[in-house]
$ cat target-v9.cif   # mmCIF, C-alpha atoms
data_run
#
loop_
_atom_site.label_atom_id
_atom_site.label_comp_id
_atom_site.auth_asym_id
_atom_site.auth_seq_id
_atom_site.Cartn_x
_atom_site.Cartn_y
_atom_site.Cartn_z
CA MET A 1113 33.44 51.73 -150.05
CA TYR A 1114 31.30 48.72 -150.89
CA SER A 1115 33.65 46.19 -149.31
CA LYS A 1116 33.91 48.33 -146.17
CA SER A 1117 30.13 48.45 -145.74
CA VAL A 1118 29.83 44.68 -146.32
CA ARG A 1119 32.53 44.08 -143.73
CA GLN A 1120 30.66 46.28 -141.28
CA ILE A 1121 27.42 44.35 -141.90
CA ILE A 1122 29.23 41.03 -141.35
CA THR A 1123 30.87 42.26 -138.15
CA VAL A 1124 27.62 43.60 -136.72
CA LYS A 1125 25.72 40.40 -137.54
CA GLU A 1126 28.41 38.18 -136.06
CA ARG A 1127 28.49 40.33 -132.95
CA HIS A 1128 24.72 40.01 -132.59
CA ILE A 1129 24.95 36.24 -132.98
CA GLN A 1130 27.70 36.09 -130.36
CA ILE A 1131 25.66 38.14 -127.89
CA LEU A 1132 22.59 36.01 -128.56
CA GLY A 1133 24.66 32.85 -128.09
CA ILE A 1134 26.05 34.05 -124.75
CA VAL A 1135 22.61 35.11 -123.44
CA LEU A 1136 20.77 31.98 -124.59
CA GLY A 1137 23.60 29.72 -123.40
CA ALA A 1138 23.62 31.36 -119.98
CA PHE A 1139 19.83 31.09 -119.59
CA TYR A 1140 19.78 27.46 -120.70
CA ALA A 1141 22.67 26.57 -118.37
CA ILE A 1142 20.89 28.26 -115.44
CA PHE A 1143 17.69 26.40 -116.29
CA ILE A 1144 19.53 23.05 -116.33
CA ALA A 1145 21.30 23.83 -113.05
CA TRP A 1146 17.93 24.79 -111.53
CA LEU A 1147 16.38 21.49 -112.72
CA TYR A 1148 19.19 19.53 -111.08
CA TRP A 1149 18.77 21.65 -107.93
CA VAL A 1150 15.00 21.27 -107.46
CA GLU A 1151 14.74 17.75 -108.98
CA PRO A 1152 11.15 17.72 -110.24
CA LYS A 1153 9.71 14.22 -110.46
CA SER A 1154 7.69 14.94 -113.60
CA LEU A 1155 6.99 17.70 -116.12
CA GLU A 1156 3.81 18.59 -114.20
CA GLN A 1157 5.89 19.43 -111.14
CA VAL A 1158 8.06 21.95 -112.97
CA PRO A 1159 5.66 24.97 -112.65
CA ALA A 1160 5.07 24.25 -108.93
CA LYS A 1161 8.82 24.02 -108.32
CA ALA A 1162 9.33 27.25 -110.26
CA GLN A 1163 6.77 29.06 -108.10
CA GLU A 1164 8.41 27.69 -104.96
CA SER A 1165 11.82 28.88 -106.16
CA ILE A 1166 10.47 32.34 -106.97
CA GLU A 1167 8.93 32.65 -103.49
CA ASN A 1168 12.21 31.51 -101.99
CA VAL A 1169 14.19 34.06 -103.97
CA THR A 1170 11.70 36.79 -103.04
CA THR A 1171 12.06 36.01 -99.32
CA LYS A 1172 15.85 35.92 -99.59
CA THR A 1173 15.80 39.25 -101.39
CA GLN A 1174 13.57 40.72 -98.68
CA ILE A 1175 16.07 39.53 -96.07
CA ALA A 1176 18.96 41.00 -98.03
CA ILE A 1177 17.34 44.43 -98.35
CA GLY A 1178 15.90 44.36 -94.82
CA THR A 1179 12.18 44.31 -95.71
CA TYR A 1180 11.48 40.75 -94.53
CA GLU A 1181 8.22 40.41 -92.58
CA ILE A 1182 6.43 37.40 -91.17
CA ASP A 1183 3.00 36.35 -92.43
CA ARG A 1184 0.76 37.96 -89.75
CA ALA A 1185 -2.33 35.92 -90.63
CA LYS A 1186 -0.46 32.64 -90.26
CA PHE A 1187 1.12 33.86 -87.03
CA ASN A 1188 -2.29 34.68 -85.53
CA GLU A 1189 -3.62 31.28 -86.57
CA GLY A 1190 -0.61 29.70 -84.91
CA LEU A 1191 -1.13 31.74 -81.76
CA ALA A 1192 -4.78 30.71 -81.54
CA ALA A 1193 -3.83 27.03 -81.91
CA PHE A 1194 -1.06 27.49 -79.30
CA ARG A 1195 -3.55 28.87 -76.77
CA GLN A 1196 -5.83 25.91 -77.40
CA ASP A 1197 -2.88 23.54 -76.67
CA ASN A 1198 -2.94 22.33 -80.27
CA PHE A 1199 0.84 22.52 -80.54
CA ILE A 1200 1.36 20.56 -83.79
CA VAL A 1201 -0.96 22.86 -85.74
CA ALA A 1202 0.50 25.87 -83.95
CA ARG A 1203 4.06 24.96 -84.97
CA ASP A 1204 2.99 24.32 -88.55
CA ASN A 1205 1.44 27.80 -88.75
CA PHE A 1206 4.40 29.45 -87.06
CA GLU A 1207 6.77 27.73 -89.52
CA LYS A 1208 4.69 28.99 -92.44
CA ALA A 1209 4.57 32.48 -90.95
CA ASP A 1210 8.37 32.63 -90.63
CA PRO A 1211 9.88 30.28 -93.25
CA GLU A 1212 13.31 31.87 -92.97
CA ARG A 1213 13.39 31.60 -89.14
CA ARG A 1214 14.30 35.24 -88.79
CA ASP A 1215 11.68 36.44 -86.32
CA ALA A 1216 12.60 35.99 -82.64
CA GLN A 1217 9.01 36.17 -81.40
CA THR A 1218 7.76 33.42 -83.75
CA GLN A 1219 10.74 31.23 -82.97
CA PHE A 1220 10.17 31.78 -79.24
CA TYR A 1221 6.57 30.55 -79.59
CA ILE A 1222 7.79 27.48 -81.52
CA ALA A 1223 10.29 26.72 -78.75
CA TYR A 1224 7.62 27.29 -76.11
CA SER A 1225 5.25 24.91 -77.92
CA PHE A 1226 7.93 22.20 -77.66
CA TYR A 1227 8.13 22.87 -73.90
CA ARG A 1228 4.39 22.73 -73.30
CA GLN A 1229 3.90 19.64 -75.49
CA GLY A 1230 6.88 17.82 -74.01
CA PHE A 1231 6.12 18.66 -70.38
CA GLY A 1232 5.05 15.73 -68.22
CA ARG A 1233 4.33 15.48 -64.55
CA VAL A 1234 6.13 12.13 -64.28
CA SER A 1235 8.64 12.52 -67.10
CA ASN A 1236 9.29 14.93 -69.95
CA ASP A 1237 9.52 13.99 -73.65
CA ASP A 1238 13.27 14.20 -74.29
CA ALA A 1239 12.94 14.40 -78.09
CA LEU A 1240 10.61 17.40 -77.90
CA PHE A 1241 12.75 19.05 -75.25
CA LYS A 1242 15.88 18.66 -77.43
CA SER A 1243 14.08 20.24 -80.39
CA GLY A 1244 12.86 23.02 -78.09
CA LEU A 1245 16.39 23.62 -76.81
CA GLU A 1246 17.69 24.00 -80.36
CA ARG A 1247 14.97 26.54 -81.17
CA THR A 1248 15.64 28.44 -77.96
CA ASN A 1249 19.30 28.70 -78.92
CA SER A 1250 18.28 30.10 -82.29
CA VAL A 1251 16.08 32.70 -80.53
CA ILE A 1252 19.09 33.74 -78.43
CA ALA A 1253 21.18 33.95 -81.60
CA LEU A 1254 18.55 36.17 -83.23
CA ASP A 1255 17.97 38.45 -80.25
CA LYS A 1256 19.61 37.73 -76.92
CA ASN A 1257 17.60 40.50 -75.20
CA PHE A 1258 14.26 39.18 -76.40
CA LYS A 1259 11.41 39.37 -73.87
CA SER A 1260 7.90 38.21 -74.60
CA GLY A 1261 4.98 40.50 -73.84
CA ASP A 1262 2.45 37.64 -73.69
CA ALA A 1263 0.81 37.61 -70.24
CA ASN A 1264 -0.16 33.92 -70.65
CA LEU A 1265 3.48 32.83 -70.69
CA GLN A 1266 5.24 32.43 -67.38
CA LEU A 1267 8.64 32.10 -69.00
CA LYS A 1268 9.21 35.45 -70.65
CA THR A 1269 12.78 35.17 -71.90
CA PRO A 1270 14.65 32.53 -73.93
CA ILE A 1271 17.19 32.16 -71.08
CA GLU A 1272 14.44 31.02 -68.69
CA LEU A 1273 13.05 28.66 -71.30
CA LYS A 1274 16.51 27.29 -71.99
CA ASN A 1275 16.98 26.61 -68.30
CA GLU A 1276 13.69 24.68 -68.21
CA PHE A 1277 14.76 22.53 -71.16
CA GLU A 1278 18.22 21.83 -69.70
CA GLU A 1279 16.80 20.94 -66.31
CA GLY A 1280 14.17 18.75 -67.93
CA LEU A 1281 16.78 16.84 -69.92
CA LYS A 1282 19.03 16.15 -66.93
CA VAL A 1283 18.54 13.00 -64.84
CA THR A 1284 18.95 13.94 -61.18
CA ALA A 1285 17.84 12.60 -57.78
CA SER A 1286 15.03 15.15 -57.72
CA ASP A 1287 13.47 13.38 -60.72
CA PHE A 1288 12.51 10.56 -58.36
CA ASN A 1289 10.79 12.88 -55.89
CA PRO A 1290 7.07 11.82 -55.79
CA LEU A 1291 6.06 15.39 -55.06
CA LYS A 1292 7.22 16.26 -58.57
CA VAL A 1293 3.80 15.22 -59.87
CA LEU A 1294 2.36 18.29 -58.21
CA ARG A 1295 4.40 20.79 -60.22
CA GLU A 1296 2.63 22.94 -62.77
CA ARG A 1297 3.40 23.58 -66.40
CA LYS A 1298 4.58 27.13 -66.94
CA MET B 356 41.85 78.37 -217.34
CA SER B 357 45.23 77.70 -215.88
CA GLN B 358 44.79 80.70 -213.58
CA VAL B 359 41.51 79.31 -212.34
CA THR B 360 43.12 75.90 -211.55
CA SER B 361 45.98 77.49 -209.65
CA SER B 362 43.63 79.58 -207.53
CA LYS B 363 41.65 76.41 -206.59
CA SER B 364 44.79 74.54 -205.47
CA GLU B 365 45.79 77.50 -203.27
CA ASP B 366 42.35 77.47 -201.59
CA LYS B 367 42.71 73.74 -200.86
CA GLU B 368 46.16 74.23 -199.25
CA LEU B 369 44.75 77.02 -197.10
CA SER B 370 41.84 74.87 -195.94
CA ASP B 371 44.25 71.92 -195.16
CA GLU B 372 46.33 74.22 -192.96
CA ASN B 373 43.23 75.02 -190.86
CA LEU B 374 42.56 71.27 -190.00
CA PHE B 375 43.56 69.77 -186.59
CA VAL B 376 46.20 67.13 -186.60
CA VAL B 377 45.52 64.16 -184.28
CA ASP B 378 48.50 62.02 -183.35
CA GLY B 379 47.95 58.43 -182.15
CA GLU B 380 47.66 54.77 -183.06
CA LEU B 381 44.60 53.36 -184.66
CA LEU B 382 42.61 51.07 -182.36
CA GLU B 383 40.62 48.17 -183.65
CA THR B 384 37.10 47.88 -182.22
CA SER B 385 37.26 44.16 -182.42
CA GLU B 386 35.32 41.39 -180.54
CA SER B 387 38.28 40.65 -178.28
CA ALA B 388 38.12 44.14 -176.85
CA ASN B 389 34.42 43.73 -176.11
CA ARG B 390 35.10 40.35 -174.52
CA ILE B 391 37.65 41.93 -172.20
CA LEU B 392 35.09 44.50 -171.13
CA ILE B 393 32.41 41.83 -170.51
CA GLN B 394 34.90 39.68 -168.59
CA GLY B 395 35.73 42.67 -166.41
CA GLU B 396 32.07 43.26 -165.66
CA ASN B 397 31.55 39.54 -164.92
CA LEU B 398 34.54 39.54 -162.58
CA GLU B 399 33.06 42.45 -160.70
CA LEU B 400 29.72 40.67 -160.43
CA LYS B 401 31.42 37.47 -159.33
CA THR B 402 33.34 39.37 -156.66
CA LYS B 403 30.07 40.82 -155.39
CA ASP B 404 28.46 37.36 -155.43
CA HIS B 405 31.49 35.89 -153.69
CA LYS B 406 31.28 38.57 -151.02
CA ASN B 407 27.57 37.93 -150.55
CA GLU B 408 28.25 34.19 -150.38
CA GLU B 409 31.03 34.79 -147.89
CA GLN B 410 28.68 36.93 -145.84
CA ARG B 411 26.02 34.20 -145.81
CA THR B 412 28.57 31.50 -144.98
CA THR B 413 30.02 33.57 -142.14
CA ALA B 414 26.55 34.20 -140.69
CA ALA B 415 25.57 30.50 -140.98
CA GLY B 416 28.90 29.42 -139.47
CA SER B 417 28.47 31.84 -136.58
CA GLN B 418 24.94 30.62 -135.94
CA ILE B 419 26.11 27.01 -135.79
CA GLN B 420 29.10 27.89 -133.66
CA TYR B 421 27.56 30.28 -131.15
CA ILE B 422 23.91 29.18 -130.97
CA PHE B 423 23.49 25.62 -132.18
CA LEU B 424 26.63 24.13 -130.59
CA PRO B 425 26.03 25.49 -127.04
CA PHE B 426 22.39 24.38 -127.35
CA ILE B 427 23.35 20.86 -128.38
CA PHE B 428 26.07 20.51 -125.71
CA LEU B 429 23.84 21.89 -122.95
CA THR B 430 21.07 19.50 -124.02
CA VAL B 431 23.57 16.67 -123.57
CA ALA B 432 24.37 18.14 -120.13
CA LEU B 433 20.66 18.04 -119.31
CA LEU B 434 20.05 14.50 -120.56
CA GLY B 435 23.30 12.94 -119.32
CA GLY B 436 22.24 12.84 -115.67
CA LEU B 437 18.58 12.08 -116.28
CA ARG B 438 17.22 8.65 -115.33
CA LEU B 439 13.68 7.36 -115.11
CA SER B 440 12.59 5.51 -112.01
CA ALA B 441 11.61 1.85 -112.51
CA GLU B 442 8.49 2.15 -110.34
CA ASP B 443 6.65 5.16 -111.77
CA ASN B 444 8.91 6.58 -114.53
CA ALA B 445 9.57 9.63 -112.33
CA PHE B 446 12.53 11.86 -113.25
CA LEU B 447 15.73 11.25 -111.31
CA PHE B 448 18.43 13.90 -111.75
CA LEU B 449 21.80 12.39 -110.85
CA LYS B 450 24.58 14.85 -110.18
CA PRO B 451 27.95 13.84 -111.68
CA ALA B 452 30.57 12.15 -109.51
CA LEU B 453 33.92 13.91 -109.03
CA VAL B 454 35.58 11.39 -111.33
CA CYS B 455 33.36 12.60 -114.22
CA LEU B 456 34.78 16.11 -113.88
CA ILE B 457 38.32 14.73 -113.93
CA TYR B 458 37.62 12.64 -117.03
CA ALA B 459 35.99 15.60 -118.78
CA THR B 460 39.10 17.68 -118.10
CA LEU B 461 41.31 14.90 -119.47
CA LEU B 462 39.09 14.67 -122.53
CA LEU B 463 39.36 18.41 -123.23
CA ILE B 464 43.15 18.20 -122.92
CA LEU B 465 43.00 15.33 -125.37
CA PHE B 466 40.95 17.43 -127.81
CA PHE B 467 43.60 20.15 -127.75
CA ARG B 468 46.46 17.67 -128.06
CA ALA B 469 44.86 15.89 -131.01
CA GLY B 470 44.24 19.17 -132.82
CA LEU B 471 40.46 18.79 -132.68
CA LEU B 472 40.65 22.19 -131.00
CA THR B 473 43.46 24.73 -131.16
CA LEU B 474 43.93 27.01 -128.19
CA ASP B 475 45.03 30.07 -130.19
CA GLY B 476 42.16 29.46 -132.58
CA TRP B 477 39.64 29.84 -129.75
CA PHE B 478 41.27 32.39 -127.51
CA SER B 479 43.48 35.19 -128.72
CA GLU B 480 44.37 38.69 -127.67
CA ASN B 481 43.74 39.72 -131.28
CA PHE B 482 40.07 38.69 -131.01
CA PRO B 483 37.49 41.14 -129.66
CA THR B 484 36.56 40.47 -126.02
CA LEU B 485 33.03 39.50 -127.05
CA LYS B 486 34.34 36.78 -129.33
CA ASN B 487 36.61 35.40 -126.60
CA VAL B 488 33.66 35.33 -124.18
CA ALA B 489 31.37 33.67 -126.76
CA ASN B 490 34.08 31.06 -127.46
CA ALA B 491 34.46 30.45 -123.72
CA VAL B 492 30.70 29.81 -123.49
CA VAL B 493 30.95 27.18 -126.26
CA LEU B 494 33.90 25.45 -124.59
CA LEU B 495 32.21 25.56 -121.18
CA ALA B 496 29.15 23.92 -122.71
CA LEU B 497 31.47 21.28 -124.20
CA PHE B 498 33.00 20.69 -120.75
CA PHE B 499 29.57 20.29 -119.10
CA ALA B 500 28.46 17.94 -121.86
CA SER B 501 31.64 15.85 -121.51
CA THR B 502 31.11 15.63 -117.74
CA GLN B 503 27.53 14.50 -118.16
CA ILE B 504 28.46 11.97 -120.86
CA PHE B 505 30.72 10.24 -118.35
CA ASN B 506 27.91 10.55 -115.78
CA SER B 507 25.65 8.84 -118.30
CA LEU B 508 28.04 6.02 -119.22
CA LEU B 509 29.46 5.19 -115.79
CA PRO B 510 27.31 2.86 -113.70
CA GLU B 511 25.88 4.66 -110.68
CA ARG B 512 27.52 2.67 -107.89
CA GLY B 513 29.09 -0.59 -106.80
CA LEU B 514 31.71 -2.73 -108.50
CA PRO B 515 30.64 -1.88 -112.09
CA PHE B 516 31.26 1.82 -111.37
CA TRP B 517 34.87 1.17 -110.43
CA VAL B 518 35.45 -1.26 -113.33
CA PHE B 519 34.05 1.22 -115.89
CA ALA B 520 35.87 4.14 -114.27
CA PHE B 521 39.16 2.26 -114.46
CA CYS B 522 38.60 1.36 -118.13
CA PHE B 523 37.84 4.98 -119.02
CA PHE B 524 40.87 6.18 -117.11
CA TRP B 525 43.10 3.64 -118.83
CA THR B 526 41.84 4.67 -122.28
CA LEU B 527 42.10 8.41 -121.66
CA TRP B 528 45.54 8.15 -120.06
CA ASN B 529 46.88 6.06 -122.95
CA ASN B 530 45.42 8.43 -125.51
CA LEU B 531 47.10 11.39 -123.87
CA PHE B 532 50.49 10.11 -125.06
CA VAL B 533 49.48 8.98 -128.54
CA GLU B 534 49.81 11.06 -131.70
CA PHE B 535 46.22 11.52 -132.81
CA HIS B 536 44.45 13.13 -135.69
CA GLY B 537 41.16 14.85 -134.94
CA LYS B 538 39.18 12.41 -137.11
CA ARG B 539 40.83 9.38 -135.54
CA LEU B 540 40.13 10.72 -132.07
CA LEU B 541 36.46 11.16 -132.94
CA GLN B 542 36.30 7.58 -134.24
CA SER B 543 38.05 6.29 -131.15
CA LEU B 544 35.74 8.21 -128.81
CA GLY B 545 32.68 7.05 -130.72
CA SER B 546 33.70 3.42 -130.40
CA VAL B 547 34.60 3.72 -126.68
CA PHE B 548 31.31 5.44 -125.89
CA ALA B 549 29.35 2.91 -127.94
CA LEU B 550 31.03 0.03 -126.11
CA ALA B 551 30.33 1.58 -122.71
CA PHE B 552 26.71 2.25 -123.69
CA VAL B 553 26.18 -1.36 -124.80
CA ALA B 554 27.84 -2.69 -121.65
CA LYS B 555 25.79 -0.50 -119.32
CA TYR B 556 22.40 -0.15 -120.96
CA LEU B 557 22.18 -3.58 -122.61
CA LEU B 558 24.39 -6.02 -120.71
CA LEU B 559 24.08 -4.73 -117.15
CA SER B 560 20.42 -3.82 -117.53
CA CYS B 561 19.75 -7.42 -118.64
CA LEU B 562 21.35 -8.58 -115.40
CA THR B 563 19.24 -6.25 -113.30
CA ALA B 564 16.17 -7.83 -111.77
CA PRO B 565 12.85 -6.13 -112.53
CA ALA B 566 11.09 -4.32 -109.71
CA SER B 567 8.98 -6.85 -107.78
CA ALA B 568 6.51 -6.61 -104.92
CA ASN B 569 8.94 -8.07 -102.39
CA TRP B 570 12.36 -9.56 -102.14
CA TRP B 571 11.14 -13.17 -101.70
CA SER B 572 8.87 -13.20 -104.76
CA GLY B 573 11.67 -11.55 -106.77
CA LEU B 574 14.08 -14.30 -105.69
CA ILE B 575 11.67 -17.03 -106.73
CA GLU B 576 10.77 -15.46 -110.08
CA ASN B 577 14.23 -14.22 -111.18
CA PRO B 578 16.88 -15.88 -109.00
CA THR B 579 19.85 -15.14 -111.28
CA GLN B 580 18.95 -11.52 -111.89
CA GLU B 581 18.26 -11.00 -108.20
CA ALA B 582 21.66 -12.49 -107.40
CA PHE B 583 23.48 -10.23 -109.91
CA THR B 584 21.53 -7.18 -108.78
CA TRP B 585 22.52 -7.86 -105.19
CA LEU B 586 26.15 -8.79 -105.97
CA LEU B 587 26.81 -5.89 -108.36
CA ASP B 588 24.57 -3.41 -106.53
CA LEU B 589 22.75 -2.56 -109.74
CA PRO B 590 20.16 0.23 -109.62
CA HIS B 591 16.63 -0.19 -111.00
CA PHE B 592 15.80 2.20 -113.84
CA SER B 593 13.01 2.28 -116.39
CA ALA B 594 13.77 1.12 -119.95
CA GLY B 595 13.24 4.71 -121.12
CA THR B 596 16.55 5.68 -119.51
CA GLY B 597 18.49 3.79 -122.19
CA TYR B 598 16.66 5.67 -124.96
CA ILE B 599 17.39 9.06 -123.39
CA GLN B 600 21.08 8.24 -122.96
CA PHE B 601 21.31 6.93 -126.52
CA PHE B 602 20.23 10.33 -127.85
CA ALA B 603 22.53 12.10 -125.41
CA ILE B 604 25.53 10.26 -126.89
CA ILE B 605 24.38 10.86 -130.48
CA PHE B 606 23.97 14.59 -129.79
CA TYR B 607 27.39 14.74 -128.15
CA LEU B 608 29.14 13.09 -131.10
CA LEU B 609 27.22 15.33 -133.52
CA GLY B 610 28.34 18.37 -131.56
CA LEU B 611 31.97 17.20 -131.70
CA PHE B 612 31.65 16.65 -135.45
CA LEU B 613 30.35 20.21 -135.95
CA LEU B 614 32.90 21.78 -133.62
CA PRO B 615 35.48 23.82 -135.60
CA ALA B 616 39.16 23.43 -134.69
CA SER B 617 39.63 27.19 -134.82
CA THR B 618 37.38 30.21 -134.95
CA LYS B 619 39.85 32.28 -136.96
CA LYS B 620 38.41 33.44 -140.29
#

$ encode --input "target-v9.cif" --output "structure tokens"
Amino acid sequence: MYSKSVRQIITVKERHIQILGIVLGAFYAIFIAWLYWVEPKSLEQVPAKAQESIENVTTKTQIAIGTYEIDRAKFNEGLAAFRQDNFIVARDNFEKADPERRDAQTQFYIAYSFYRQGFGRVSNDDALFKSGLERTNSVIALDKNFKSGDANLQLKTPIELKNEFEEGLKVTASDFNPLKVLRERK
Amino acid sequence: MSQVTSSKSEDKELSDENLFVVDGELLETSESANRILIQGENLELKTKDHKNEEQRTTAAGSQIQYIFLPFIFLTVALLGGLRLSAEDNAFLFLKPALVCLIYATLLLILFFRAGLLTLDGWFSENFPTLKNVANAVVLLALFFASTQIFNSLLPERGLPFWVFAFCFFWTLWNNLFVEFHGKRLLQSLGSVFALAFVAKYLLLSCLTAPASANWWSGLIENPTQEAFTWLLDLPHFSAGTGYIQFFAIIFYLLGLFLLPASTKK
């Protein structure tokens, strides 16, 4: 009777230690893997990196369960900057509003900002147009039937915008037409 | 008078007939009998003490095996890839090269071959599932630590990386076909790791030029070191890196020393 109860105590304790070892080992291993993933430069950076990771995980979870939403305040700030032709600030706000690049409307505005900033009467900025083309393709991938309701935009769909970018990147005889300087930005 | 005497003797016979008769041997209540009793009691107490002792030993052994060993090996895994930048002592986390994983696998095979670990002593169908899982966690931690130890001891790039990698491969490959004892293997590993540590963190770091404002001033101040740094493609790390890696190796060897060959009771 005595030996049986002692054996039971030993077994239970060992089992507890094993469970504790597995849990602690797993947590510590995950922590180390996380450190190697985020690569903080100092101990002071660790809390900031942790917060960043938590926000990232939260956004990814929202995407997974279908509750992802853009930051409306940042989007409105971006839109205001866009309408004032301050495209760099506008893009920064749009990026912050949609960090996961999941919203077709926000991505369309980012692409449009590349068009308006890169547009030139004599020549277009190829680098900006290439970036804009990439973003337009991502808008098409997100929602190929997307149509903007903004009355200030002449190009309402990503297909039209894509055409503008592709035409702007091509070198053709019409590029040397002096009347080209009279064309208007859309 | 004679009648009276005869009547008395008859009474005595009658009373003797009424007595109980007890059959049996006489036992001596001697000291030896008492001693036997005391010895029996002591034996029982000793058995209880032994069981309590066994219980304590088992609990302590389990704590070392399932909590302390994974902790120590995972700490080695953390420190093994950590370097400090020469400019501002910032943390640099270097992920292990593929060759480190291969060497760690070879090293684990070597541990099993040398008897430092026995496969059926760590995994068995007779063990409860929980124990098998807990043992797997310990061995995984050992694998990560071994990988990061090679990451720590191999130079980061250039010619020294390939020279060190070849030397490690040569040693591990040779050892695979040698009859080893666990203790001898530990001694051999300790000496190989110590040699690699001295070569990397003392010899090569002496050849590495200190961080200077520009290439030209560095060449004028330390021409030889600049030449070696350029020829051998040596990275600049802070002196603190050597200290961190020293403790990583010490912890790893301590973990190996504490690692039981089998978890069977």

$ resolve_selection --input "target-v9.cif" --expression "the PyMOL selection byres ((chain A) within 9 of (chain B))" --output "VMD selection string"
chain A and resid 1115 1118 to 1119 1121 to 1122 1125 to 1127 1129 to 1134 1136 to 1138 1140 to 1141 1144 to 1145 1147 to 1149 1151 to 1155

$ write_last_selection --input "target-v9.cif" --atoms "C-alpha atoms" --output "mmCIF file, keeping the file's coordinate frame"
data_model
loop_
_atom_site.group_PDB
_atom_site.id
_atom_site.type_symbol
_atom_site.label_atom_id
_atom_site.label_comp_id
_atom_site.auth_asym_id
_atom_site.auth_seq_id
_atom_site.Cartn_x
_atom_site.Cartn_y
_atom_site.Cartn_z
ATOM 1 C CA SER A 1115 33.650 46.190 -149.310
ATOM 2 C CA VAL A 1118 29.830 44.680 -146.320
ATOM 3 C CA ARG A 1119 32.530 44.080 -143.730
ATOM 4 C CA ILE A 1121 27.420 44.350 -141.900
ATOM 5 C CA ILE A 1122 29.230 41.030 -141.350
ATOM 6 C CA LYS A 1125 25.720 40.400 -137.540
ATOM 7 C CA GLU A 1126 28.410 38.180 -136.060
ATOM 8 C CA ARG A 1127 28.490 40.330 -132.950
ATOM 9 C CA ILE A 1129 24.950 36.240 -132.980
ATOM 10 C CA GLN A 1130 27.700 36.090 -130.360
ATOM 11 C CA ILE A 1131 25.660 38.140 -127.890
ATOM 12 C CA LEU A 1132 22.590 36.010 -128.560
ATOM 13 C CA GLY A 1133 24.660 32.850 -128.090
ATOM 14 C CA ILE A 1134 26.050 34.050 -124.750
ATOM 15 C CA LEU A 1136 20.770 31.980 -124.590
ATOM 16 C CA GLY A 1137 23.600 29.720 -123.400
ATOM 17 C CA ALA A 1138 23.620 31.360 -119.980
ATOM 18 C CA TYR A 1140 19.780 27.460 -120.700
ATOM 19 C CA ALA A 1141 22.670 26.570 -118.370
ATOM 20 C CA ILE A 1144 19.530 23.050 -116.330
ATOM 21 C CA ALA A 1145 21.300 23.830 -113.050
ATOM 22 C CA LEU A 1147 16.380 21.490 -112.720
ATOM 23 C CA TYR A 1148 19.190 19.530 -111.080
ATOM 24 C CA TRP A 1149 18.770 21.650 -107.930
ATOM 25 C CA GLU A 1151 14.740 17.750 -108.980
ATOM 26 C CA PRO A 1152 11.150 17.720 -110.240
ATOM 27 C CA LYS A 1153 9.710 14.220 -110.460
ATOM 28 C CA SER A 1154 7.690 14.940 -113.600
ATOM 29 C CA LEU A 1155 6.990 17.700 -116.120
#

$ resolve_selection --input "target-v9.cif" --expression "the PyMOL selection byres ((chain A and resi 1204-1213) around 6)" --output "list of chain:residue names"
A:Ile1182, A:Asp1183, A:Lys1186, A:Phe1187, A:Gly1190, A:Val1201, A:Ala1202, A:Arg1203, A:Arg1214, A:Asp1215

$ write_last_selection --input "target-v9.cif" --atoms "C-alpha atoms" --output "PDB file, in the coordinates of the input"
ATOM      1  CA  ILE A1182       6.430  37.400 -91.170  1.00  0.00           C
ATOM      2  CA  ASP A1183       3.000  36.350 -92.430  1.00  0.00           C
ATOM      3  CA  LYS A1186      -0.460  32.640 -90.260  1.00  0.00           C
ATOM      4  CA  PHE A1187       1.120  33.860 -87.030  1.00  0.00           C
ATOM      5  CA  GLY A1190      -0.610  29.700 -84.910  1.00  0.00           C
ATOM      6  CA  VAL A1201      -0.960  22.860 -85.740  1.00  0.00           C
ATOM      7  CA  ALA A1202       0.500  25.870 -83.950  1.00  0.00           C
ATOM      8  CA  ARG A1203       4.060  24.960 -84.970  1.00  0.00           C
ATOM      9  CA  ARG A1214      14.300  35.240 -88.790  1.00  0.00           C
ATOM     10  CA  ASP A1215      11.680  36.440 -86.320  1.00  0.00           C
TER      11      ASP A1215
END

$ residues_around --input "target-v9.cif" --residues "segment 545-561 of chain B" --least-positions-apart "5" --cutoff "8 Å" --atoms "all atoms listed in the file" --output "list in words"
Leu508, Leu509, Pro510, Phe519, Gln580, Leu589, Gly597, Phe601, Ile604 and Leu608 of chain B

$ residues_around --input "target-v9.cif" --residues "His536 of chain B" --least-positions-apart "5" --cutoff "8 Å" --atoms "all atoms listed in the file" --output "list in words"
Ala469, Gly470 and Leu471 of chain B

$ resolve_selection --input "target-v9.cif" --expression "the PyMOL selection byres ((chain A and resi 1266) around 12)" --output "tab-separated table (two decimals) with C-alpha atoms, in the frame of the given file"
chain	number	residue	atom	x	y	z
A	1224	TYR	CA	7.62	27.29	-76.11
A	1227	TYR	CA	8.13	22.87	-73.90
A	1228	ARG	CA	4.39	22.73	-73.30
A	1259	LYS	CA	11.41	39.37	-73.87
A	1260	SER	CA	7.90	38.21	-74.60
A	1261	GLY	CA	4.98	40.50	-73.84
A	1262	ASP	CA	2.45	37.64	-73.69
A	1263	ALA	CA	0.81	37.61	-70.24
A	1264	ASN	CA	-0.16	33.92	-70.65
A	1265	LEU	CA	3.48	32.83	-70.69
A	1267	LEU	CA	8.64	32.10	-69.00
A	1268	LYS	CA	9.21	35.45	-70.65
A	1269	THR	CA	12.78	35.17	-71.90
A	1270	PRO	CA	14.65	32.53	-73.93
A	1272	GLU	CA	14.44	31.02	-68.69
A	1273	LEU	CA	13.05	28.66	-71.30
A	1276	GLU	CA	13.69	24.68	-68.21
A	1296	GLU	CA	2.63	22.94	-62.77
A	1297	ARG	CA	3.40	23.58	-66.40
A	1298	LYS	CA	4.58	27.13	-66.94
